[in-house]
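So the structure is just underneath, and the comments pick up after that.
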Amino acid sequence: MNKPLRRISLFCGLLVLALLIRTNWLQYVQAEELSTRKENRRVQIAQYATERGNIIVNGEPITGSAVTDGSDYKYKRTYTDGALWAPVTGYASQAFGSTQLESLEDGILTGNDDRLFFDRTIGMFTGEKKQGGNVVTTLNPEAQKAAFQALGKNKGAAAAIDPRTGAILALVSTPSYDPSRFAGNSKTDEKAWVELKDSEDKNLVNRALRETYPPGSTFKVVTAAAALENGVVKEINDPTDTPEPYFLPGTKTVMENHAKGCEKASLNEALRVSCNSVFANMGDKVTRDKMVETAEKFGFNNDKVDIPVRAFASVYDKKMGKDGNALSSIGQFNTAATPLQMAMVTAAIANDGKLMKPYMVDQLTAPNLDVIEKHSPQEMSRPLSAANAQKVQEMMVNVVENGTGTKAKIKDAKVGGKTGTAQHGEGNKKRPYAWFISYAENPDGTSPVAVAVVIEDSSADREDISGGGLAAPVAKAVMEAVLKSQR
């Protein structure tokens, strides 16, 4: 063979080799990436070619599937009481994608998860249509309805947890939305989506998980826990050394109290009437670093709280000065929390100092209802000792029995709580947020529910906005629903 032919042969051989390498690279190395790309329309068509599995609450599906007319997407998602359950399910839309459980558990719901391979294989031989698996939640339907109805037209959120396990019993955000309105890809669906996306009410935002608010006086239970854990206070009925007036450390700014009798008030009395000066003083004595340490044990500054939907991180500032720390100790300054976070705080206190990791998926099941994954409760941290947790419980019960939280009282149940009215906006000119955190206790001493409620905006006059007046009745309704369902 002459030299030019050898060169041509070698060049052609290299081209064939390059083609083989490229083909194998696409088929084996990039196969999964290409098959899951959003731009791959075949993936989307396949995703809606079969009925999705369901999201289950208390044994009943709250989702379904319906045939789509005039589209190459055969099925679209349907929802039962969509607005009630949207903070739990999220949405699955042919045109606008999916969120929350619909997104995170998409593999199970579509039947594409590798753990369903055996079911798919059997179906090939039996001729059965491909089916999706189911997502079984921990939600209590009566608690969810109670929170949703009690919040009504207010902008706000509620989160309820079983302190013993971390199971989420209710997760509500108002105003809400019905995911069925834009589950398809028609012009009607698009119009509904645009209306919701551009709404000033932020209907699509899950306020229970994805909004942070200054927690106001509800944070005082964290400061009380820090003071007890660090030996700043030994007995909750002993007088503190808080002067009146109390000046923020290093400043000439007086800490304003809205209650009387705060000078040298005990921790118990200070929580009952909500003395700002006492808890600002306690936070300063604990020190910023120790306050940060305690807050983080409760879940603050953690950006990986997944239930499995990821919650926004709640914040306790690590770099502020002494005056900022004193203000943060009463839930103001840079302190910010989600309703889920404050429910976690309450749950840890109610559970004698043990914080269980919050979760809302109990198990995943195959189409034939075989369990393919079961959640096991996990301890997350120990923010305070059992002895100190019981002292904070005593203080919170005093708030409900004799203080600012009397609207949360429940007949034949022991209830502990804390009110909060958090200022915000420049010069505190915006309408304050109304907070309430609480837990209810059975006669046997166990606590099956801890709740956090925030009302961001309501029709009430500004002077009538308070945690005890607006948020406490919502928490009470949730607690009563849980207690009733367990009797």
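Residue names in the structure tokens use chain letters A, B, ... in the order shown, residue numbers from 1 in each chain, and ligand numbers from 1 in the order shown.
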
Polymer residues at most 8 Å from Thr338 of chain A, only C-alpha atoms, same-chain spacing of 3 or more positions, as a compact mmCIF listing (two decimals) with all heavy atoms, in the first residue's frame:
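around03.txt, freshly written:
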```txt
# COMPACT_ATOMS: atom_id res chain seq x y z
N ARG A 207 -45.79 29.34 53.26
CA ARG A 207 -45.37 30.18 54.39
C ARG A 207 -44.91 29.36 55.60
O ARG A 207 -44.12 29.84 56.41
CB ARG A 207 -46.51 31.11 54.81
CG ARG A 207 -46.77 32.26 53.83
CD ARG A 207 -48.02 33.03 54.22
NE ARG A 207 -48.09 34.33 53.58
CZ ARG A 207 -48.62 34.56 52.39
NH1 ARG A 207 -49.13 33.54 51.70
NH2 ARG A 207 -48.64 35.78 51.88
N ALA A 208 -45.39 28.14 55.74
CA ALA A 208 -45.01 27.32 56.89
C ALA A 208 -43.55 26.89 56.81
O ALA A 208 -42.92 26.67 57.85
CB ALA A 208 -45.91 26.09 56.98
N LEU A 209 -43.02 26.76 55.59
CA LEU A 209 -41.66 26.29 55.40
C LEU A 209 -40.73 27.32 54.76
O LEU A 209 -39.52 27.30 55.01
CB LEU A 209 -41.64 25.04 54.50
CG LEU A 209 -42.44 23.81 54.93
CD1 LEU A 209 -42.33 22.74 53.87
CD2 LEU A 209 -41.93 23.29 56.26
N ARG A 210 -41.29 28.19 53.93
CA ARG A 210 -40.45 29.01 53.05
C ARG A 210 -40.56 30.51 53.30
O ARG A 210 -40.18 31.30 52.46
CB ARG A 210 -40.80 28.71 51.58
CG ARG A 210 -40.90 27.24 51.24
CD ARG A 210 -39.56 26.56 51.16
NE ARG A 210 -38.86 26.90 49.93
CZ ARG A 210 -37.68 26.42 49.57
NH1 ARG A 210 -37.05 25.59 50.38
NH2 ARG A 210 -37.11 26.77 48.44
N GLU A 211 -41.06 30.88 54.46
CA GLU A 211 -41.05 32.29 54.88
C GLU A 211 -40.49 32.34 56.30
O GLU A 211 -40.85 31.50 57.14
CB GLU A 211 -42.45 32.90 54.86
CG GLU A 211 -42.98 33.20 53.47
CD GLU A 211 -42.46 34.52 52.90
OE1 GLU A 211 -41.50 35.08 53.48
OE2 GLU A 211 -43.02 35.00 51.89
N THR A 212 -39.63 33.30 56.54
CA THR A 212 -39.14 33.51 57.90
C THR A 212 -39.66 34.85 58.43
O THR A 212 -39.77 35.82 57.68
CB THR A 212 -37.60 33.50 57.96
OG1 THR A 212 -37.08 34.52 57.09
CG2 THR A 212 -37.05 32.14 57.55
N TYR A 213 -39.98 34.86 59.71
CA TYR A 213 -40.54 36.04 60.37
C TYR A 213 -39.80 36.29 61.68
O TYR A 213 -39.30 35.33 62.30
CB TYR A 213 -42.02 35.81 60.71
CG TYR A 213 -42.89 35.37 59.58
CD1 TYR A 213 -43.06 34.02 59.27
CD2 TYR A 213 -43.59 36.30 58.80
CE1 TYR A 213 -43.88 33.60 58.24
CE2 TYR A 213 -44.42 35.88 57.77
CZ TYR A 213 -44.56 34.54 57.49
OH TYR A 213 -45.38 34.13 56.47
N ALA A 311 -36.88 23.24 54.22
CA ALA A 311 -37.36 24.49 54.82
C ALA A 311 -36.26 25.54 54.76
O ALA A 311 -35.07 25.20 54.77
CB ALA A 311 -37.77 24.25 56.27
N PHE A 312 -36.64 26.79 54.68
CA PHE A 312 -35.66 27.87 54.77
C PHE A 312 -34.99 27.82 56.14
O PHE A 312 -35.61 27.45 57.13
CB PHE A 312 -36.33 29.23 54.59
CG PHE A 312 -36.56 29.62 53.16
CD1 PHE A 312 -36.20 28.80 52.11
CD2 PHE A 312 -37.14 30.85 52.85
CE1 PHE A 312 -36.42 29.16 50.79
CE2 PHE A 312 -37.36 31.23 51.53
CZ PHE A 312 -37.00 30.38 50.50
N ALA A 313 -33.74 28.23 56.19
CA ALA A 313 -33.02 28.26 57.45
C ALA A 313 -33.55 29.40 58.33
O ALA A 313 -33.71 30.53 57.87
CB ALA A 313 -31.53 28.46 57.21
N SER A 314 -33.85 29.08 59.57
CA SER A 314 -34.16 30.11 60.57
C SER A 314 -32.84 30.66 61.09
O SER A 314 -31.83 29.95 61.09
CB SER A 314 -35.01 29.52 61.69
OG SER A 314 -36.24 29.05 61.17
N GLN A 341 -39.95 25.92 62.33
CA GLN A 341 -38.89 26.02 63.32
C GLN A 341 -39.46 26.25 64.72
O GLN A 341 -39.02 25.61 65.69
CB GLN A 341 -37.95 27.18 62.96
CG GLN A 341 -36.89 27.48 64.01
CD GLN A 341 -35.97 26.32 64.28
OE1 GLN A 341 -35.13 26.00 63.46
NE2 GLN A 341 -36.14 25.66 65.42
N MET A 342 -40.44 27.13 64.84
CA MET A 342 -40.99 27.38 66.17
C MET A 342 -41.83 26.20 66.66
O MET A 342 -41.92 25.98 67.87
CB MET A 342 -41.81 28.67 66.16
CG MET A 342 -40.98 29.94 65.90
SD MET A 342 -39.45 30.05 66.89
CE MET A 342 -40.10 30.13 68.56
```

Quick check for you: according to DSSP on this backbone, which residues of segment 295-381 of chain A are classed as helix (DSSP H, G or I)? Reply as a PyMOL selection string. chain A and resi 295-298+322-328+339-350

Would you export the selected residues with N, CA, C and O atoms as a compact mmCIF listing (two decimals), in the first residue's frame, please?
```
# COMPACT_ATOMS: atom_id res chain seq x y z
N ALA A 295 -29.68 28.11 70.36
CA ALA A 295 -30.59 28.28 69.22
C ALA A 295 -30.32 27.22 68.15
O ALA A 295 -31.25 26.64 67.56
N GLU A 296 -29.05 26.94 67.90
CA GLU A 296 -28.70 25.96 66.87
C GLU A 296 -29.09 24.55 67.27
O GLU A 296 -29.42 23.73 66.42
N LYS A 297 -29.07 24.26 68.56
CA LYS A 297 -29.53 22.94 69.01
C LYS A 297 -31.03 22.77 68.75
O LYS A 297 -31.52 21.66 68.54
N PHE A 298 -31.76 23.89 68.76
CA PHE A 298 -33.18 23.84 68.45
C PHE A 298 -33.43 23.80 66.94
O PHE A 298 -34.58 23.58 66.52
N LYS A 322 -23.44 43.15 71.60
CA LYS A 322 -24.18 42.84 72.82
C LYS A 322 -25.61 43.38 72.78
O LYS A 322 -26.54 42.72 73.25
N ASP A 323 -25.78 44.58 72.24
CA ASP A 323 -27.13 45.14 72.17
C ASP A 323 -28.01 44.35 71.21
O ASP A 323 -29.18 44.10 71.48
N GLY A 324 -27.40 43.93 70.08
CA GLY A 324 -28.15 43.11 69.13
C GLY A 324 -28.53 41.77 69.72
O GLY A 324 -29.64 41.26 69.50
N ASN A 325 -27.63 41.18 70.49
CA ASN A 325 -27.93 39.90 71.14
C ASN A 325 -29.07 40.05 72.15
O ASN A 325 -29.93 39.17 72.26
N ALA A 326 -29.08 41.15 72.88
CA ALA A 326 -30.16 41.38 73.85
C ALA A 326 -31.51 41.50 73.13
O ALA A 326 -32.51 40.92 73.58
N LEU A 327 -31.52 42.22 72.00
CA LEU A 327 -32.76 42.35 71.23
C LEU A 327 -33.16 41.02 70.60
O LEU A 327 -34.33 40.65 70.57
N SER A 328 -32.15 40.28 70.11
CA SER A 328 -32.44 38.98 69.50
C SER A 328 -33.01 38.00 70.52
O SER A 328 -33.76 37.09 70.16
N PRO A 339 -42.49 29.05 60.72
CA PRO A 339 -43.43 28.39 61.63
C PRO A 339 -42.98 26.97 61.97
O PRO A 339 -43.16 26.53 63.11
N LEU A 340 -42.42 26.24 61.01
CA LEU A 340 -41.92 24.89 61.31
C LEU A 340 -40.87 24.95 62.40
O LEU A 340 -40.88 24.12 63.32
N GLN A 341 -39.95 25.92 62.33
CA GLN A 341 -38.89 26.02 63.32
C GLN A 341 -39.46 26.25 64.72
O GLN A 341 -39.02 25.61 65.69
N MET A 342 -40.44 27.13 64.84
CA MET A 342 -40.99 27.38 66.17
C MET A 342 -41.83 26.20 66.66
O MET A 342 -41.92 25.98 67.87
N ALA A 343 -42.39 25.41 65.75
CA ALA A 343 -43.04 24.17 66.16
C ALA A 343 -42.00 23.18 66.67
O ALA A 343 -42.25 22.44 67.63
N MET A 344 -40.83 23.17 66.06
CA MET A 344 -39.73 22.30 66.51
C MET A 344 -39.27 22.70 67.91
O MET A 344 -39.00 21.85 68.77
N VAL A 345 -39.16 24.01 68.16
CA VAL A 345 -38.77 24.49 69.49
C VAL A 345 -39.76 23.99 70.53
O VAL A 345 -39.40 23.46 71.59
N THR A 346 -41.05 24.16 70.23
CA THR A 346 -42.10 23.77 71.17
C THR A 346 -42.11 22.26 71.38
O THR A 346 -42.29 21.78 72.51
N ALA A 347 -41.90 21.51 70.29
CA ALA A 347 -41.90 20.05 70.38
C ALA A 347 -40.76 19.56 71.27
O ALA A 347 -40.93 18.63 72.06
N ALA A 348 -39.58 20.17 71.14
CA ALA A 348 -38.44 19.75 71.96
C ALA A 348 -38.71 19.98 73.44
O ALA A 348 -38.38 19.15 74.29
N ILE A 349 -39.30 21.13 73.76
CA ILE A 349 -39.63 21.42 75.16
C ILE A 349 -40.68 20.44 75.68
O ILE A 349 -40.56 19.90 76.78
N ALA A 350 -41.72 20.18 74.86
CA ALA A 350 -42.80 19.27 75.28
C ALA A 350 -42.30 17.84 75.43
O ALA A 350 -42.87 17.06 76.22
```

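The neighbours of segment 76-85 of chain A here are the residues that come within 8 Å of it, using only C-alpha atoms and leaving out any residue fewer than 4 positions away in the same chain; they are A:Tyr48, A:Glu51, A:Arg52, A:Ile62, A:Thr63, A:Gly64, A:Ser65, A:Ala66, A:Val67, A:Thr68, A:Thr89, A:Ala92, A:Ser93, A:Gln94, A:Gln144, A:Lys145, A:Phe148, A:Val172, A:Ser176, A:Tyr177, A:Asp178, A:Pro179, A:Ser180, A:Ala183, A:Gly184.
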
Could you find all residues in segment 262-468 of chain A that DSSP calls strand (DSSP E or B) from the backbone, and write them as a PyMOL selection string? chain A and resi 266+306+310+315+336-337+355-356+359+361-365+371-374+379-381+414-422+433-441+449-457

List as a short mmCIF file (atom, residue, chain, number, x, y, z; two decimals) with all heavy atoms, in the first residue's frame the protein and nucleic acid residues near Asn442 of chain A, meaning an atom at most 9 Å away when only C-alpha atoms are counted, but skip any in the same chain fewer than 3 places from it.
```
data_model
loop_
_atom_site.label_atom_id
_atom_site.label_comp_id
_atom_site.auth_asym_id
_atom_site.auth_seq_id
_atom_site.Cartn_x
_atom_site.Cartn_y
_atom_site.Cartn_z
N ASP A 412 -60.03 19.57 80.09
CA ASP A 412 -59.50 18.22 80.34
C ASP A 412 -58.14 17.96 79.69
O ASP A 412 -57.78 16.81 79.41
CB ASP A 412 -60.50 17.15 79.86
CG ASP A 412 -61.83 17.23 80.58
OD1 ASP A 412 -61.83 17.59 81.78
OD2 ASP A 412 -62.87 16.95 79.96
N ALA A 413 -57.39 19.02 79.40
CA ALA A 413 -56.04 18.85 78.86
C ALA A 413 -55.14 19.94 79.43
O ALA A 413 -55.59 21.06 79.67
CB ALA A 413 -56.05 18.93 77.34
N LYS A 414 -53.89 19.58 79.66
CA LYS A 414 -52.93 20.57 80.10
C LYS A 414 -52.28 21.19 78.86
O LYS A 414 -51.78 20.48 77.98
CB LYS A 414 -51.85 19.94 80.97
CG LYS A 414 -50.84 20.96 81.54
CD LYS A 414 -49.70 20.28 82.29
CE LYS A 414 -50.18 19.75 83.61
NZ LYS A 414 -49.04 19.23 84.43
N GLY A 445 -49.52 12.28 80.74
CA GLY A 445 -48.29 13.06 80.71
C GLY A 445 -47.61 13.12 79.36
O GLY A 445 -46.65 13.87 79.19
N THR A 446 -48.10 12.36 78.38
CA THR A 446 -47.50 12.42 77.05
C THR A 446 -48.08 13.59 76.26
O THR A 446 -49.23 13.98 76.46
CB THR A 446 -47.76 11.12 76.27
OG1 THR A 446 -49.18 10.92 76.14
CG2 THR A 446 -47.12 9.94 76.96
N SER A 447 -47.27 14.13 75.37
CA SER A 447 -47.72 15.27 74.57
C SER A 447 -47.78 14.87 73.10
O SER A 447 -46.75 14.67 72.46
CB SER A 447 -46.75 16.45 74.74
OG SER A 447 -47.16 17.54 73.94
N PRO A 448 -48.99 14.74 72.54
CA PRO A 448 -49.12 14.28 71.16
C PRO A 448 -49.06 15.38 70.10
O PRO A 448 -49.06 15.08 68.91
CB PRO A 448 -50.51 13.64 71.15
CG PRO A 448 -51.29 14.47 72.13
CD PRO A 448 -50.30 14.86 73.20
N LEU A 483 -56.14 15.91 69.73
CA LEU A 483 -56.55 15.20 70.95
C LEU A 483 -57.81 14.37 70.71
O LEU A 483 -57.91 13.22 71.14
CB LEU A 483 -56.77 16.20 72.08
CG LEU A 483 -55.53 16.92 72.62
CD1 LEU A 483 -55.94 18.03 73.58
CD2 LEU A 483 -54.58 15.95 73.30
#
```

Kindly give the distance, in Å, that separates atom CA of Val449 of chain A and atom CA of Ala158 of chain A, rounded to a single decimal.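 These atoms are spaced 12.5 Å apart.
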
So the first atom is atom CA of Gly405 of chain A and the second is atom CA of Gly468 of chain A; what is the distance between them in Å, to one decimal place?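 Answer for the atom CA of Gly405 of chain A to atom CA of Gly468 of chain A separation: 5.1 Å.
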
Just checking: using only C-alpha atoms, which residue out of A:Cys12, A:Ala86, A:Ile236, A:Ile455 ends up closest to Thr99 of chain A?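 Among A:Cys12, A:Ala86, A:Ile236, A:Ile455, it is A:Ala86 that comes nearest to Thr99 of chain A.
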
Write out as a tab-separated table a residue-level contact list of segment 326-439 of chain A versus segment 247-266 of chain A with cut-off 12 Å: for each qualifying residue the closest pair of atoms and the distance in Å to one decimal, counting only C-alpha atoms, rows sorted by chain and residue number upward.
```
residue	atom	partner	partner_atom	distance
A:Ala326	CA	A:Leu248	CA	6.8
A:Leu327	CA	A:Leu248	CA	7.9
A:Ser328	CA	A:Leu248	CA	11.4
A:Ser329	CA	A:Leu248	CA	11.5
A:Ile330	CA	A:Met255	CA	10.5
A:Gln332	CA	A:Met255	CA	11.9
A:Met395	CA	A:Ser266	CA	10.5
A:Gly403	CA	A:Ala259	CA	10.9
A:Thr404	CA	A:Ala259	CA	10.4
A:Thr421	CA	A:His258	CA	11.0
```

Could you please determine the separation between atom CA of Trp193 of chain A and atom CA of Gly90 of chain A in Å, to one decimal place?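 Value for the atom CA of Trp193 of chain A-atom CA of Gly90 of chain A distance: 13.6 Å.
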
Could you build a table of the residues in segment 307-416 of chain A lying no more than 6 Å from segment 160-171 of chain A, giving for each the nearest pair of atoms and their separation in Å rounded to one decimal place, using only C-alpha atoms, ordered by chain and ascending residue number, as a tab-separated table?
```
residue	atom	partner	partner_atom	distance
A:Ala347	CA	A:Pro163	CA	4.5
A:Asn351	CA	A:Pro163	CA	5.6
A:Met356	CA	A:Gly166	CA	4.8
A:Lys357	CA	A:Gly166	CA	5.3
A:Pro358	CA	A:Gly166	CA	4.2
A:Tyr359	CA	A:Ala167	CA	5.2
A:Met360	CA	A:Ile168	CA	5.1
A:Pro377	CA	A:Thr165	CA	5.4
```

Please build the interface table for segment 388-457 of chain A against segment 473-479 of chain A with a cut-off of 9 Å, listing for each qualifying residue the nearest atom pair and the distance in Å to one decimal; count only C-alpha atoms, order rows by chain and increasing number, and write it as JSON lines.
```
{"residue": "A:Lys407", "atom": "CA", "partner": "A:Pro473", "partner_atom": "CA", "distance": 6.0}
{"residue": "A:Ala408", "atom": "CA", "partner": "A:Lys476", "partner_atom": "CA", "distance": 4.9}
{"residue": "A:Lys409", "atom": "CA", "partner": "A:Lys476", "partner_atom": "CA", "distance": 7.2}
{"residue": "A:Ile410", "atom": "CA", "partner": "A:Lys476", "partner_atom": "CA", "distance": 7.2}
{"residue": "A:Phe436", "atom": "CA", "partner": "A:Ala475", "partner_atom": "CA", "distance": 7.1}
{"residue": "A:Ile437", "atom": "CA", "partner": "A:Ala475", "partner_atom": "CA", "distance": 7.4}
{"residue": "A:Ser438", "atom": "CA", "partner": "A:Ala475", "partner_atom": "CA", "distance": 7.0}
{"residue": "A:Tyr439", "atom": "CA", "partner": "A:Met479", "partner_atom": "CA", "distance": 7.4}
{"residue": "A:Ala440", "atom": "CA", "partner": "A:Met479", "partner_atom": "CA", "distance": 6.4}
{"residue": "A:Pro448", "atom": "CA", "partner": "A:Met479", "partner_atom": "CA", "distance": 8.7}
{"residue": "A:Val449", "atom": "CA", "partner": "A:Met479", "partner_atom": "CA", "distance": 6.4}
{"residue": "A:Ala450", "atom": "CA", "partner": "A:Met479", "partner_atom": "CA", "distance": 7.7}
{"residue": "A:Val451", "atom": "CA", "partner": "A:Ala475", "partner_atom": "CA", "distance": 6.1}
{"residue": "A:Ala452", "atom": "CA", "partner": "A:Ala475", "partner_atom": "CA", "distance": 7.0}
{"residue": "A:Val453", "atom": "CA", "partner": "A:Ala475", "partner_atom": "CA", "distance": 6.4}
```

Writing out the chosen residues with C-alpha atoms as a short mmCIF file (atom, residue, chain, number, x, y, z; two decimals), in the first residue's frame:
```
data_model
loop_
_atom_site.label_atom_id
_atom_site.label_comp_id
_atom_site.auth_asym_id
_atom_site.auth_seq_id
_atom_site.Cartn_x
_atom_site.Cartn_y
_atom_site.Cartn_z
CA LYS A 407 -57.50 31.64 74.72
CA ALA A 408 -55.62 28.38 74.17
CA LYS A 409 -57.11 26.63 77.21
CA ILE A 410 -58.62 23.21 76.48
CA PHE A 436 -48.54 31.60 69.23
CA ILE A 437 -46.67 28.41 70.09
CA SER A 438 -48.16 25.69 72.26
CA TYR A 439 -48.39 22.02 73.13
CA ALA A 440 -51.14 19.89 74.65
CA PRO A 448 -49.12 14.28 71.16
CA VAL A 449 -49.02 17.72 69.53
CA ALA A 450 -46.93 20.89 69.41
CA VAL A 451 -48.09 23.82 67.28
CA ALA A 452 -46.75 27.09 65.93
CA VAL A 453 -49.03 29.67 64.30
#
```

Excluding Lys418 of chain A and any residue of its chain fewer than 2 positions from it, enumerate the residues within 9 Å of it, using only C-alpha atoms, and give them as a PDB file with N, CA and C atoms, in the first residue's frame.
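Result file is part_34.pdb:
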```
ATOM      1  N   SER A 217     -41.938  37.440  70.933  1.00  0.00           N
ATOM      2  CA  SER A 217     -41.825  36.901  72.286  1.00  0.00           C
ATOM      3  C   SER A 217     -41.897  35.381  72.376  1.00  0.00           C
ATOM      4  N   THR A 218     -42.311  34.704  71.284  1.00  0.00           N
ATOM      5  CA  THR A 218     -42.279  33.235  71.331  1.00  0.00           C
ATOM      6  C   THR A 218     -40.839  32.739  71.492  1.00  0.00           C
ATOM      7  N   PHE A 219     -39.871  33.543  71.054  1.00  0.00           N
ATOM      8  CA  PHE A 219     -38.465  33.140  71.167  1.00  0.00           C
ATOM      9  C   PHE A 219     -37.988  33.155  72.620  1.00  0.00           C
ATOM     10  N   LYS A 220     -38.736  33.781  73.496  1.00  0.00           N
ATOM     11  CA  LYS A 220     -38.320  33.865  74.900  1.00  0.00           C
ATOM     12  C   LYS A 220     -38.198  32.488  75.555  1.00  0.00           C
ATOM     13  N   VAL A 221     -38.891  31.487  75.006  1.00  0.00           N
ATOM     14  CA  VAL A 221     -38.733  30.147  75.574  1.00  0.00           C
ATOM     15  C   VAL A 221     -37.342  29.593  75.266  1.00  0.00           C
ATOM     16  N   LEU A 271     -42.206  35.370  81.861  1.00  0.00           N
ATOM     17  CA  LEU A 271     -42.798  34.712  80.693  1.00  0.00           C
ATOM     18  C   LEU A 271     -44.314  34.864  80.725  1.00  0.00           C
ATOM     19  N   ARG A 272     -44.891  34.811  81.915  1.00  0.00           N
ATOM     20  CA  ARG A 272     -46.354  34.927  82.033  1.00  0.00           C
ATOM     21  C   ARG A 272     -46.858  36.236  81.479  1.00  0.00           C
ATOM     22  N   SER A 274     -44.792  38.419  79.803  1.00  0.00           N
ATOM     23  CA  SER A 274     -43.941  38.732  78.651  1.00  0.00           C
ATOM     24  C   SER A 274     -43.119  39.997  78.844  1.00  0.00           C
ATOM     25  N   MET A 396     -44.673  27.691  80.626  1.00  0.00           N
ATOM     26  CA  MET A 396     -45.599  27.825  79.497  1.00  0.00           C
ATOM     27  C   MET A 396     -47.033  27.505  79.915  1.00  0.00           C
ATOM     28  N   VAL A 397     -47.200  26.554  80.832  1.00  0.00           N
ATOM     29  CA  VAL A 397     -48.537  26.257  81.356  1.00  0.00           C
ATOM     30  C   VAL A 397     -49.070  27.468  82.120  1.00  0.00           C
ATOM     31  N   VAL A 399     -48.436  30.539  81.451  1.00  0.00           N
ATOM     32  CA  VAL A 399     -48.850  31.528  80.447  1.00  0.00           C
ATOM     33  C   VAL A 399     -50.293  31.292  80.017  1.00  0.00           C
ATOM     34  N   VAL A 400     -50.650  30.013  79.814  1.00  0.00           N
ATOM     35  CA  VAL A 400     -52.000  29.675  79.348  1.00  0.00           C
ATOM     36  C   VAL A 400     -53.018  29.750  80.482  1.00  0.00           C
ATOM     37  N   THR A 404     -50.929  35.539  79.190  1.00  0.00           N
ATOM     38  CA  THR A 404     -51.398  36.120  77.932  1.00  0.00           C
ATOM     39  C   THR A 404     -51.988  35.094  76.973  1.00  0.00           C
ATOM     40  N   GLY A 405     -51.925  33.796  77.330  1.00  0.00           N
ATOM     41  CA  GLY A 405     -52.374  32.760  76.398  1.00  0.00           C
ATOM     42  C   GLY A 405     -53.633  32.040  76.805  1.00  0.00           C
ATOM     43  N   GLY A 416     -49.568  24.190  77.411  1.00  0.00           N
ATOM     44  CA  GLY A 416     -48.526  25.183  77.632  1.00  0.00           C
ATOM     45  C   GLY A 416     -48.356  26.002  76.378  1.00  0.00           C
ATOM     46  N   GLY A 420     -46.730  35.870  71.049  1.00  0.00           N
ATOM     47  CA  GLY A 420     -45.725  36.750  70.491  1.00  0.00           C
ATOM     48  C   GLY A 420     -46.361  37.744  69.541  1.00  0.00           C
ATOM     49  N   TRP A 435     -48.052  35.764  66.771  1.00  0.00           N
ATOM     50  CA  TRP A 435     -47.539  34.406  66.923  1.00  0.00           C
ATOM     51  C   TRP A 435     -48.173  33.709  68.130  1.00  0.00           C
ATOM     52  N   PHE A 436     -48.242  32.401  68.046  1.00  0.00           N
ATOM     53  CA  PHE A 436     -48.537  31.600  69.228  1.00  0.00           C
ATOM     54  C   PHE A 436     -47.906  30.226  69.042  1.00  0.00           C
ATOM     55  N   ILE A 437     -47.192  29.765  70.068  1.00  0.00           N
ATOM     56  CA  ILE A 437     -46.666  28.409  70.090  1.00  0.00           C
ATOM     57  C   ILE A 437     -47.262  27.698  71.291  1.00  0.00           C
ATOM     58  N   SER A 438     -47.520  26.401  71.148  1.00  0.00           N
ATOM     59  CA  SER A 438     -48.161  25.685  72.257  1.00  0.00           C
ATOM     60  C   SER A 438     -48.021  24.184  72.083  1.00  0.00           C
ATOM     61  N   GLY A 467     -50.628  37.921  69.582  1.00  0.00           N
ATOM     62  CA  GLY A 467     -50.558  36.476  69.478  1.00  0.00           C
ATOM     63  C   GLY A 467     -51.657  35.796  70.261  1.00  0.00           C
ATOM     64  N   GLY A 468     -51.923  36.319  71.468  1.00  0.00           N
ATOM     65  CA  GLY A 468     -52.955  35.712  72.298  1.00  0.00           C
ATOM     66  C   GLY A 468     -54.342  35.872  71.732  1.00  0.00           C
ATOM     67  N   ALA A 472     -53.619  32.342  69.031  1.00  0.00           N
ATOM     68  CA  ALA A 472     -53.912  31.300  70.024  1.00  0.00           C
ATOM     69  C   ALA A 472     -55.162  30.482  69.682  1.00  0.00           C
TER      70      ALA A 472
END
```
